[in-house]
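J.: Dropping the structure in here first, questions after.
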Amino acid sequence: MKSTRRDFLKLSGCLTIGFSIGGISPEHFSPQINELPESIKRHPNINAWLEVLANGNVRIYTGKSELGQGIRTAIAQVAAEELELEMENVEVELAETERTPNEGYTVGSGSIEQSAMAVRFACAAAKAKLIDLAAKKLGVPVEEVIISNGKAYSKYGRNPLTFADILEGKQISDNVPANVILKPRSKYKFVGREIPRSDITAMTLATYAYVQDLRFPGMVHARVIRPASYGATLEKFDDDYVRKKVPGLLRTVRNGNFLAVIAEDEYDAIRAQKSMAHSASWSDVKLNHDSEISLKEFIKKQATDTEKVNEQGKLSTNNFTHTAQYYKPYIIHGSTGPSCSVAYWDNKKLHVWSHTQGVYPLRDALAEMLRMPAEKIHVKGVSGAGCYGHNGADDVAADAALIAMQLPGRHVRVQWSREEEHSWEPYGSAMIMEAAAEIDKTGKIINWKYDLWSDTHSTRPGGKAENLLAAKYIKDPFTASSKGYAGGAVRNSEPYYNIPNRQINSNFFKGPLRVSALRSLGAYANIFAIESFMDELAEKAGKDPFDFRLAHLDDKRAIAVVNKVREMTGNVKPSKNTGLGLGFSRYKNSAAYCAVAALVTISPEIRVLKMWSAIDAGEVINIDGIKNQTEGGMIQSASWTIKEQVKFNNKFITSSDWGTYPILRFNDVPDVEVEVLNQPDEEALGAGEAAQGPACAAIVNAIYRAGGGRIRDLPAIKT
Amino acid sequence: MNEKLTLNVNGKSHSLKVDPSTPLLYVLRNQLELNGPKFGCGLQQCGACMVLIDGKAQPSCMITTKSAQDHTIITLEGIAKDKNSLHPVQEAFALEQAAQCGYCLNGMVISTVSLLNENPKPDDKEIREGLQRNLCRCGTHSRIIKAVKRAAYGSNKNSKT
């Protein structure tokens, strides 16, 4: 099995094996996509994406990870559809090096856009090949072969062939041809429907295995002793003291400033971690800023690398009607399950089980850190708790890998504590946004200037050891040479509105805290600012916020989601101390359209009562999947907006658990309602991040209308 | 250090040799190999590790194994009648698709079973209060509330409010 899976990688890029399909006409081409998906171009072999099993079922291979977005079910729907199978005859295997295609990271709402579309094309190509082969076996022309419920029939024949019969143990290694014929949408049985995720039943039964649940014979438990602050060096530690306190201590691992303990028993490992931390002392290293409180001034002083993001028309800065400054603090990902990984070195190969968002980039980063060839590392993706971006998943895998290399033949499990997750994960960057605009006599915006300040929004490993936490602390450490991915900061910094003269600039700063990708990257803060500012401008112009936005939009799909939310909230009459607010954006200005309305009360304290969303993510694969993501996005964004802010002092993070970094609980969570505007003729767009920005804006705009003042510094409630 | 202790879990008596100060969670997961209760914070702040102790939902991450031994403990694995059936609360969560990543689901289901034991027909406010100790980061709260209503009323629409 393993060797056949490796074959597709070797075959990739080889000569195309002849692929004959009769009677292609242009109307058979996909209505949604004009060319092969990028993932198919990189892995053109059909058997990179699917394998026909001995019982005739089909196993799909995706390079994406299940993060709670329900990708397994959505991909199974697409595969079952194209291959004329029932859902239960399709199984889906998720990201694993050497086994699944390399689809980079599971990020940017790209699982549907990239992987599901790749699977669609690969399955359609597989079906054509199966028909071709079945025709030969059945001795009938291709046109007389019918594929139904996993079997090939000749028009009049009685002996159907399963897919396994057709292939006789072989797999289809041909390339997916550019002119592959997709199933016509009118015949869809699964795509676009509300197909329940079967993994949720397994979760209620505790039979769904998370990486935290993996258990191997002889597995040991390890914990890392974290430095007193970023970059601190280990001055001393006392092995004997720990051994006396915790006789179950099996081994101490020290590599430069990386210090870890191993025990057979998990609670012994935890106790050893505490005792070791108590015995250790670290050099005194200060952060480059001393608290979250005066961060705005610090950011402005630190700013470098001003870049023009966009310029249109001829901006006049002489007559601005209104200017405003907005601020968003550092925010955590805050997985409910702290990061965890298991690693096993068998003296030939290192096996790593990880909830990473990218098995291949992690493998390459581990290879660099361990200074060994990538071929000697195997990374299997296993679900963890929802991550919402780059959290501690890759870091804990690096911890486990370093420790496992010191203990050959034993599986090593590393489980981060709550404090480690809250304190050491890379946060979503703090940002400042300044907007200025001029409105003409008719109430139209004619000049728009927007400046933003941000640290990077991605320091994912991307094959580089320097971005793995542990690699910064080992002997001969890897230190970050690049400033990370700057593009994320400007995401959605250009307004999606018709404004003739505009200029958008971004400024980079190196902040005090470790940062990386958090759901929607810079879009959350940029849409908070732009949509707050639109509300402020509407008021200056004496216009209704819905009308004001509609007057600046001409994309029909954008207008449709705004109108839909207006209709959904048509009967809402805010009472005293409550207000209704609106937010809109098209994610990345090229993906899903999302409008959100929020009903908020400010008495006795700020509380979001209800949120509505209308979303257009193009062709819908699983409508409940989009609803679930959008509902969750609104609630998560409400939590960020109302309560969340990382706190720190001149040495380190002080918000290290759910008590010091509270998030919304049930008593404060709004009711939510989502309408999905299905566009079957349009490209399927990712929906997982579309609500973050508009939800925030809707809430702060509602607070203003309720009489709670204009929130320009997040969070709305400071603790 | 290790002592012989007896734990009553999911209707069975288990004799264990364990350090009595070990939090119950680690014994359930590592000795009894029960994956239902999850490690979330170890601080009784998030509810991921909840189990039913004498019928009431309690976090298992700080209570010592010794102090748990005279009580009846039920985990997620033990709430259904038998292996081939779902508890009505499990069924309601599956029907409402009340999860994204599902990591918090153990605590949500356990809290719901506990709530409905005490108050079979809770209103919206009582449901929220009943789940107040449980954190969800994916934002599936609204679906979870619907699931509790479905378990209590047979439909996610009906409730006392």
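Ordering of the structure tokens sets the chain letters (A, B, ...); residue numbers start at 1 within each chain; ligands are numbered from 1 in the order shown.
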Return as a ChimeraX atom specification the residues belonging to chain A that are within 7 Å of chain B, counting only C-alpha atoms.

T.: /A:67-69,196,200-201,203-206,213,267,335-338,385-386,417-418,631-633,635-636,658,665-667,671-672

J.: Report the distance between CA of Val676 in chain A and CA of Gly581 in chain A in Å, rounded to one decimal place.

T.: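 CA of Gly581 in chain A lies at a distance of 19.9 Å from CA of Val676 in chain A.
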
J.: Neighbours of range 469-475 of chain A within 6 Å (only C-alpha atoms; same-chain residues fewer than 5 positions away dropped), as a PDB file with N, CA and C atoms, in the first residue's frame?

T.:
ATOM      1  N   ASN A 255      18.887  20.612  25.268  1.00  0.00           N
ATOM      2  CA  ASN A 255      19.544  20.925  23.991  1.00  0.00           C
ATOM      3  C   ASN A 255      19.614  22.444  23.926  1.00  0.00           C
ATOM      4  N   GLY A 256      20.737  23.010  24.310  1.00  0.00           N
ATOM      5  CA  GLY A 256      20.850  24.468  24.363  1.00  0.00           C
ATOM      6  C   GLY A 256      19.920  25.017  25.429  1.00  0.00           C
ATOM      7  N   ASN A 257      19.003  25.861  25.025  1.00  0.00           N
ATOM      8  CA  ASN A 257      18.029  26.431  25.965  1.00  0.00           C
ATOM      9  C   ASN A 257      16.691  25.705  25.910  1.00  0.00           C
ATOM     10  N   PHE A 258      16.688  24.581  25.222  1.00  0.00           N
ATOM     11  CA  PHE A 258      15.496  23.743  25.158  1.00  0.00           C
ATOM     12  C   PHE A 258      15.607  22.685  26.249  1.00  0.00           C
ATOM     13  N   ASP A 395       4.600  23.894  16.569  1.00  0.00           N
ATOM     14  CA  ASP A 395       5.611  24.006  17.636  1.00  0.00           C
ATOM     15  C   ASP A 395       5.671  22.752  18.495  1.00  0.00           C
TER      16      ASP A 395
END

J.: Using DSSP assignments from the backbone, pull out every residue in chain B that falls under strand (DSSP E or B) and give it to me as a list in words.

T.: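 Residues of chain B classed as strand (DSSP E or B): Glu3, Lys4, Leu5, Thr6, Leu7, Asn8, Val9, Lys12, Ser13, His14, Ser15, Leu16, Lys17, Val18, Pro23, Val51, Leu52, Ile53, Lys56, Ala57, Gln58, Thr64, Thr72, Ile73 and Ile74 of chain B.
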
J.: Please identify which residues in range 10-150 of chain B DSSP calls alpha helix (DSSP H) from the backbone, and express them as a ChimeraX atom specification.

T.: /B:24-26,65-68,88-95,105-118,124-130,141-150

J.: Give me, please, the distance in Å between CA of Asn175 in chain A and CA of Lys127 in chain A, quoted to one decimal.

T.: 12.9 Å

J.: Have a look at A:His289, A:Lys573, A:Arg223, A:Lys183 and name the one nearest to Arg271 in chain A; count only C-alpha atoms.

T.: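 Ranked by minimum distance to Arg271 in chain A, first place goes to A:Arg223.
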